[in-house]
Structures are given as structure tokens and as C-alpha cells.
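Data block for work.cif (mmCIF, C-alpha atoms):
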data_target
loop_
_atom_site.group_PDB
_atom_site.id
_atom_site.type_symbol
_atom_site.label_atom_id
_atom_site.label_comp_id
_atom_site.auth_asym_id
_atom_site.auth_seq_id
_atom_site.Cartn_x
_atom_site.Cartn_y
_atom_site.Cartn_z
ATOM 1 C CA THR A 1 -101.215 64.675 -46.471
ATOM 2 C CA PRO A 2 -99.552 65.917 -43.267
ATOM 3 C CA ASN A 3 -96.125 67.514 -43.538
ATOM 4 C CA VAL A 4 -95.293 67.067 -39.824
ATOM 5 C CA ILE A 5 -95.932 64.094 -37.527
ATOM 6 C CA ILE A 6 -96.083 64.616 -33.762
ATOM 7 C CA THR A 7 -96.134 61.615 -31.448
ATOM 8 C CA VAL A 8 -97.429 62.251 -27.936
ATOM 9 C CA SER A 9 -96.490 59.421 -25.605
ATOM 10 C CA GLU A 10 -98.200 60.876 -22.547
ATOM 11 C CA THR A 11 -100.733 63.568 -21.764
ATOM 12 C CA LEU A 12 -100.879 66.013 -18.868
ATOM 13 C CA MET A 13 -101.894 64.736 -15.413
ATOM 14 C CA ASP A 14 -105.598 65.398 -16.087
ATOM 15 C CA GLY A 15 -105.468 63.515 -19.421
ATOM 16 C CA ALA A 16 -105.524 66.729 -21.435
ATOM 17 C CA LEU A 17 -103.286 67.367 -24.396
ATOM 18 C CA GLY A 18 -102.246 70.813 -23.192
ATOM 19 C CA LEU A 19 -103.396 72.603 -26.313
ATOM 20 C CA GLY A 20 -105.898 75.345 -27.020
ATOM 21 C CA LEU A 21 -107.744 74.300 -30.175
ATOM 22 C CA ASP A 22 -110.199 75.953 -32.536
ATOM 23 C CA ASP A 23 -111.923 74.946 -35.779
ATOM 24 C CA ALA A 24 -109.895 75.623 -38.911
ATOM 25 C CA ASP A 25 -111.200 78.144 -41.436
ATOM 26 C CA GLU A 26 -114.268 76.928 -43.313
ATOM 27 C CA ASP A 27 -112.307 76.082 -46.472
ATOM 28 C CA LEU A 28 -109.677 74.065 -44.535
ATOM 29 C CA ARG A 29 -110.094 70.789 -42.713
ATOM 30 C CA GLY A 30 -108.872 70.040 -39.226
ATOM 31 C CA VAL A 31 -108.502 71.945 -35.981
ATOM 32 C CA VAL A 32 -105.944 74.678 -35.359
ATOM 33 C CA VAL A 33 -103.626 74.984 -32.350
ATOM 34 C CA VAL A 34 -104.186 78.438 -30.858
ATOM 35 C CA GLN A 35 -102.328 77.891 -27.562
ATOM 36 C CA VAL A 36 -99.629 75.478 -26.345
ATOM 37 C CA HIS A 37 -99.316 74.673 -22.623
ATOM 38 C CA LYS A 38 -95.719 74.956 -21.395
ATOM 39 C CA LYS A 39 -95.513 71.227 -20.608
ATOM 40 C CA SER A 40 -96.754 70.304 -24.111
ATOM 41 C CA GLN A 41 -94.106 72.337 -25.949
ATOM 42 C CA ARG A 42 -91.618 69.451 -25.667
ATOM 43 C CA HIS A 43 -93.648 67.492 -28.222
ATOM 44 C CA GLY A 44 -92.923 70.139 -30.860
ATOM 45 C CA TRP A 45 -96.351 71.801 -31.095
ATOM 46 C CA GLN A 46 -96.505 75.308 -32.558
ATOM 47 C CA VAL A 47 -99.339 77.816 -32.549
ATOM 48 C CA GLY A 48 -100.882 77.653 -36.019
ATOM 49 C CA ASP A 49 -100.386 73.895 -36.472
ATOM 50 C CA ARG A 50 -103.451 72.365 -38.099
ATOM 51 C CA ILE A 51 -104.280 68.834 -36.917
ATOM 52 C CA ILE A 52 -105.638 66.883 -39.895
ATOM 53 C CA GLN A 53 -105.070 63.305 -38.667
ATOM 54 C CA LEU A 54 -105.176 61.567 -35.319
ATOM 55 C CA ASN A 55 -103.935 57.962 -35.146
ATOM 56 C CA GLY A 56 -104.547 57.659 -38.886
ATOM 57 C CA LYS A 57 -108.128 58.992 -38.809
ATOM 58 C CA GLU A 58 -108.837 62.052 -40.943
ATOM 59 C CA ILE A 59 -109.937 65.076 -38.895
ATOM 60 C CA ASP A 60 -112.300 67.458 -40.686
ATOM 61 C CA ASP A 61 -113.639 69.537 -37.806
ATOM 62 C CA TRP A 62 -113.882 69.933 -34.038
ATOM 63 C CA ASP A 63 -116.444 67.124 -33.659
ATOM 64 C CA ASP A 64 -114.187 64.654 -35.499
ATOM 65 C CA PHE A 65 -111.271 65.635 -33.290
ATOM 66 C CA ARG A 66 -113.259 65.447 -30.047
ATOM 67 C CA GLN A 67 -114.718 62.007 -30.829
ATOM 68 C CA THR A 68 -111.390 60.569 -31.976
ATOM 69 C CA TRP A 69 -109.496 62.019 -28.998
ATOM 70 C CA GLU A 70 -112.045 60.538 -26.577
ATOM 71 C CA CYS A 71 -111.558 57.100 -28.196
ATOM 72 C CA VAL A 72 -107.775 57.457 -27.987
ATOM 73 C CA LYS A 73 -107.955 58.348 -24.282
ATOM 74 C CA ARG A 74 -110.502 55.660 -23.464
ATOM 75 C CA PHE A 75 -109.215 52.717 -25.505
ATOM 76 C CA GLY A 76 -105.610 53.589 -26.358
ATOM 77 C CA ASP A 77 -102.342 53.054 -24.538
ATOM 78 C CA GLY A 78 -101.935 56.750 -23.688
ATOM 79 C CA SER A 79 -100.015 57.652 -26.831
ATOM 80 C CA ALA A 80 -101.245 59.296 -30.011
ATOM 81 C CA VAL A 81 -99.835 60.176 -33.437
ATOM 82 C CA PHE A 82 -100.932 63.487 -34.949
ATOM 83 C CA GLY A 83 -100.727 64.402 -38.621
ATOM 84 C CA ILE A 84 -100.088 68.126 -38.839
ATOM 85 C CA MET A 85 -100.126 70.727 -41.587
ATOM 86 C CA ARG A 86 -97.642 73.385 -40.593
ATOM 87 C CA PHE A 87 -97.556 76.814 -42.301
ATOM 88 C CA GLY A 88 -99.700 75.571 -45.203
ATOM 89 C CA VAL A 89 -96.600 74.353 -47.029
ATOM 90 C CA GLU A 90 -96.526 70.743 -48.153
ATOM 91 C CA HIS A 91 -93.440 68.842 -49.266
ATOM 92 C CA ALA A 92 -93.810 67.880 -52.885
ATOM 93 C CA ALA A 93 -93.387 64.149 -53.450
ATOM 94 C CA ALA A 94 -91.630 64.792 -56.724
ATOM 95 C CA ALA A 95 -91.672 68.353 -57.953
ATOM 96 C CA PRO A 96 -91.855 68.454 -61.741
ATOM 97 C CA THR A 97 -88.666 69.742 -63.333
ATOM 98 C CA ALA A 98 -90.562 72.735 -64.767
ATOM 99 C CA SER A 99 -91.567 73.886 -61.267
ATOM 100 C CA LYS A 100 -89.685 76.758 -59.730
ATOM 101 C CA CYS A 101 -89.806 78.834 -56.573
ATOM 102 C CA LEU A 102 -92.403 81.579 -56.933
ATOM 103 C CA ASN A 103 -90.094 83.986 -55.095
ATOM 104 C CA CYS A 104 -86.506 83.350 -56.260
ATOM 105 C CA GLY A 105 -87.055 81.151 -59.325
ATOM 106 C CA SER A 106 -84.787 78.270 -58.291
ATOM 107 C CA LYS A 107 -85.671 74.770 -59.490
ATOM 108 C CA GLY A 108 -85.185 71.309 -58.022
ATOM 109 C CA ARG A 109 -86.496 68.533 -55.819
ATOM 110 C CA HIS A 110 -86.089 70.660 -52.677
ATOM 111 C CA LEU A 111 -89.170 72.724 -53.541
ATOM 112 C CA GLN A 112 -92.123 72.750 -51.173
ATOM 113 C CA ARG A 113 -95.630 72.763 -52.575
ATOM 114 C CA CYS A 114 -98.143 75.378 -51.374
ATOM 115 C CA THR A 115 -101.788 74.726 -52.212
ATOM 116 C CA ASN A 116 -103.365 77.603 -50.269
ATOM 117 C CA TRP A 117 -101.492 80.532 -51.851
ATOM 118 C CA PRO A 118 -103.968 83.394 -52.454
ATOM 119 C CA ASN A 119 -102.976 83.975 -56.099
ATOM 120 C CA ILE A 120 -102.361 80.544 -57.634
ATOM 121 C CA PRO A 121 -101.935 81.053 -61.392
ATOM 122 C CA ARG A 122 -104.899 79.999 -63.528
ATOM 123 C CA GLY A 123 -104.656 76.358 -64.564
ATOM 124 C CA GLU A 124 -102.216 75.490 -61.752
ATOM 125 C CA ALA A 125 -103.080 73.486 -58.631
ATOM 126 C CA CYS A 126 -100.323 74.997 -56.500
ATOM 127 C CA VAL A 127 -97.195 77.135 -56.353
ATOM 128 C CA TYR A 128 -93.722 76.159 -55.097
ATOM 129 C CA PHE A 129 -91.262 77.739 -52.665
ATOM 130 C CA CYS A 130 -87.682 76.892 -51.648
ATOM 131 C CA SER A 131 -88.362 77.540 -48.006
ATOM 132 C CA ARG A 132 -90.625 79.273 -45.537
ATOM 133 C CA ASP A 133 -88.436 82.392 -45.925
ATOM 134 C CA CYS A 134 -89.056 82.499 -49.687
ATOM 135 C CA GLN A 135 -92.772 82.122 -49.031
ATOM 136 C CA ARG A 136 -92.713 85.010 -46.532
ATOM 137 C CA GLU A 137 -90.818 87.261 -48.956
ATOM 138 C CA ALA A 138 -93.265 86.461 -51.768
ATOM 139 C CA PHE A 139 -96.190 87.196 -49.450
ATOM 140 C CA ARG A 140 -94.686 90.558 -48.417
ATOM 141 C CA ALA A 141 -94.063 91.453 -52.059
ATOM 142 C CA MET A 142 -97.629 90.482 -52.969
ATOM 143 C CA LYS A 143 -99.022 92.646 -50.125
ATOM 144 C CA THR A 144 -97.007 95.714 -51.181
ATOM 145 C CA ASN A 145 -98.056 95.329 -54.838
ATOM 146 C CA THR A 146 -101.747 95.139 -53.871
#

In C-alpha cells, write the structure found in this file.
Amino acid sequence: TPNVIITVSETLMDGALGLGLDDADEDLRGVVVVQVHKKSQRHGWQVGDRIIQLNGKEIDDWDDFRQTWECVKRFGDGSAVFGIMRFGVEHAAAAPTASKCLNCGSKGRHLQRCTNWPNIPRGEACVYFCSRDCQREAFRAMKTNT
């Protein structure tokens, strides 16, 4: 499920999106934004965004993206809605009350779910963080302890 939605109402003059894209890592679906053209920044794109949906269609790899984008350009009205995974952190629909931030230990509905953390505890499907900052701090701490 995407955690960011970007709506592009118009493309660049040549019909391009204004993004440099590459396949996501083998264990992740989608395509990754590796470059953002200056004129495309206004839509909110960030390097590292992973496009996993385009106009509601699931995007698994570069071929899926290319085929879907061609259909959007050819048959659409010039606009497109992108489902994005940003930073690998997903908003939890309803974090269980027992969940707590892996870094600071706080609890609550504000927690964000992270399913691609390198050291997810055995028997758990994910870990939780309060914010991107807490995730960064936990990652730094993990790196220094390794």
C-alpha cells in the first residue's frame, strides 16, 4: 500500500515525466526515482521514491511501468496518479497497543510501520517508529553496534 500519492496533471513538453528511473532492488517491487528534473520537483517527487502504483495498476518492475505509462500517455487525459513508497516507512492502519517505537519506546496510533528493517525480531512482520528521525537514529545505533 502506498504511503504517498502524487498526482501529475501535466508532463514536460516532450511528454516525459521528468524523472530518472531504475528498477527497484530484486526483493522490492516497483521502480525507483534516481533523478528529478527541475520542472518535475513541483509535483513533490524525491530521489528514492519507489513507484508501486500508476493509475491504480500495481507496478512490479520496469516493464510494468513502461507499459502502463505508455497507455496513460496514449489513452489518458494527460494526468496520472502515482502510488509511492517513500523511505520504506508505511503508516500503520491501526497500530496494536502493544507496539512501540523501536528507537525511543513510545506507544500510540502515531507509529509508522516499517516492513523492510534489516533486523526484524523473529516472529514479527515489522517494526514501528515514531518518525523518520527515530528510524534514522535506530539505524545509526544498529550500524555502530555491528

Hey, what comes out of the PyMOL selection byres ((chain A and resi 116) around 10) on this file? Could you write it as a CSV table (one decimal) with C-alpha atoms, keeping the file's coordinate frame?
chain,number,residue,atom,x,y,z
A,27,ASP,CA,-112.3,76.1,-46.5
A,28,LEU,CA,-109.7,74.1,-44.5
A,87,PHE,CA,-97.6,76.8,-42.3
A,88,GLY,CA,-99.7,75.6,-45.2
A,89,VAL,CA,-96.6,74.4,-47.0
A,90,GLU,CA,-96.5,70.7,-48.2
A,113,ARG,CA,-95.6,72.8,-52.6
A,114,CYS,CA,-98.1,75.4,-51.4
A,115,THR,CA,-101.8,74.7,-52.2
A,117,TRP,CA,-101.5,80.5,-51.9
A,118,PRO,CA,-104.0,83.4,-52.5
A,119,ASN,CA,-103.0,84.0,-56.1
A,120,ILE,CA,-102.4,80.5,-57.6
A,125,ALA,CA,-103.1,73.5,-58.6
A,126,CYS,CA,-100.3,75.0,-56.5
A,127,VAL,CA,-97.2,77.1,-56.4

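The nearest approach to Ile59 in chain A among the residues A:Arg29, A:Gly20, A:Phe139, A:His110, with only C-alpha atoms taken into account, belongs to A:Arg29.
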
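The coordinates place CA of Asp49 in chain A at 14.0 Å from CA of Phe65 in chain A.
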
Result set of the PyMOL selection byres ((chain A and resi 40-46) around 9) on the coordinates above, as an MDAnalysis selection string
chainID A and resid 6:9 11:12 17:19 33:39 47:49 86

12 Å contact set for range 98-103 of chain A, all atoms listed in the file, chain neighbours under 2 positions out, as a ChimeraX atom specification
/A:92,94-96,105-114,117,119-121,124-142

Evaluating the PyMOL selection byres ((chain A and resi 85) around 6) on the displayed file yields which residues, as a list in words?
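After applying the PyMOL selection byres ((chain A and resi 85) around 6), what remains is Pro2, Asn3, Arg50, Ile84 and Arg86 of chain A.
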
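Going from CA of Lys73 in chain A over to CA of Ala16 in chain A, you cover 9.2 Å.
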
Taking all atoms of range 47-65 of chain A that appear in the file, build a box with edges along x, y and z, extend it by 3 Å on every side, and state its centre and edge lengths in Å to one decimal, as lines of an AutoDock Vina configuration file.
center_x = -107.9
center_y = 67.7
center_z = -36.7
size_x = 23.1
size_y = 26.2
size_z = 14.4

note - CA of Ile5 in chain A and CA of Phe82 in chain A are separated by 5.7 Å

Which neighbours of Gly76 in chain A fall inside 10 Å, counting all atoms listed in the file, when residues of the same chain fewer than 6 positions from it are skipped, and could you give them as number ranges by chain?
A: 55, 69-70

Generate a file of the selected residues that holds C-alpha atoms, formatted as a PDB file, keeping the file's coordinate frame.
ATOM      1  CA  ASN A  55    -103.935  57.962 -35.146  1.00  0.00           C
ATOM      2  CA  TRP A  69    -109.496  62.019 -28.998  1.00  0.00           C
ATOM      3  CA  GLU A  70    -112.045  60.538 -26.577  1.00  0.00           C
TER       4      GLU A  70
END

Distance criterion (only C-alpha atoms): nearest to Asp63 in chain A out of A:Ala80, A:Ala24, A:Val4, A:Cys104:
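Nearest to Asp63 in chain A: A:Ala24.
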
Here is a test: counting all atoms listed in the file, which residue of A:Asn145, A:Asp60, A:Leu54, A:Asp23 is nearest to Val72 in chain A?
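For Val72 in chain A, the nearest of the candidates is A:Leu54.
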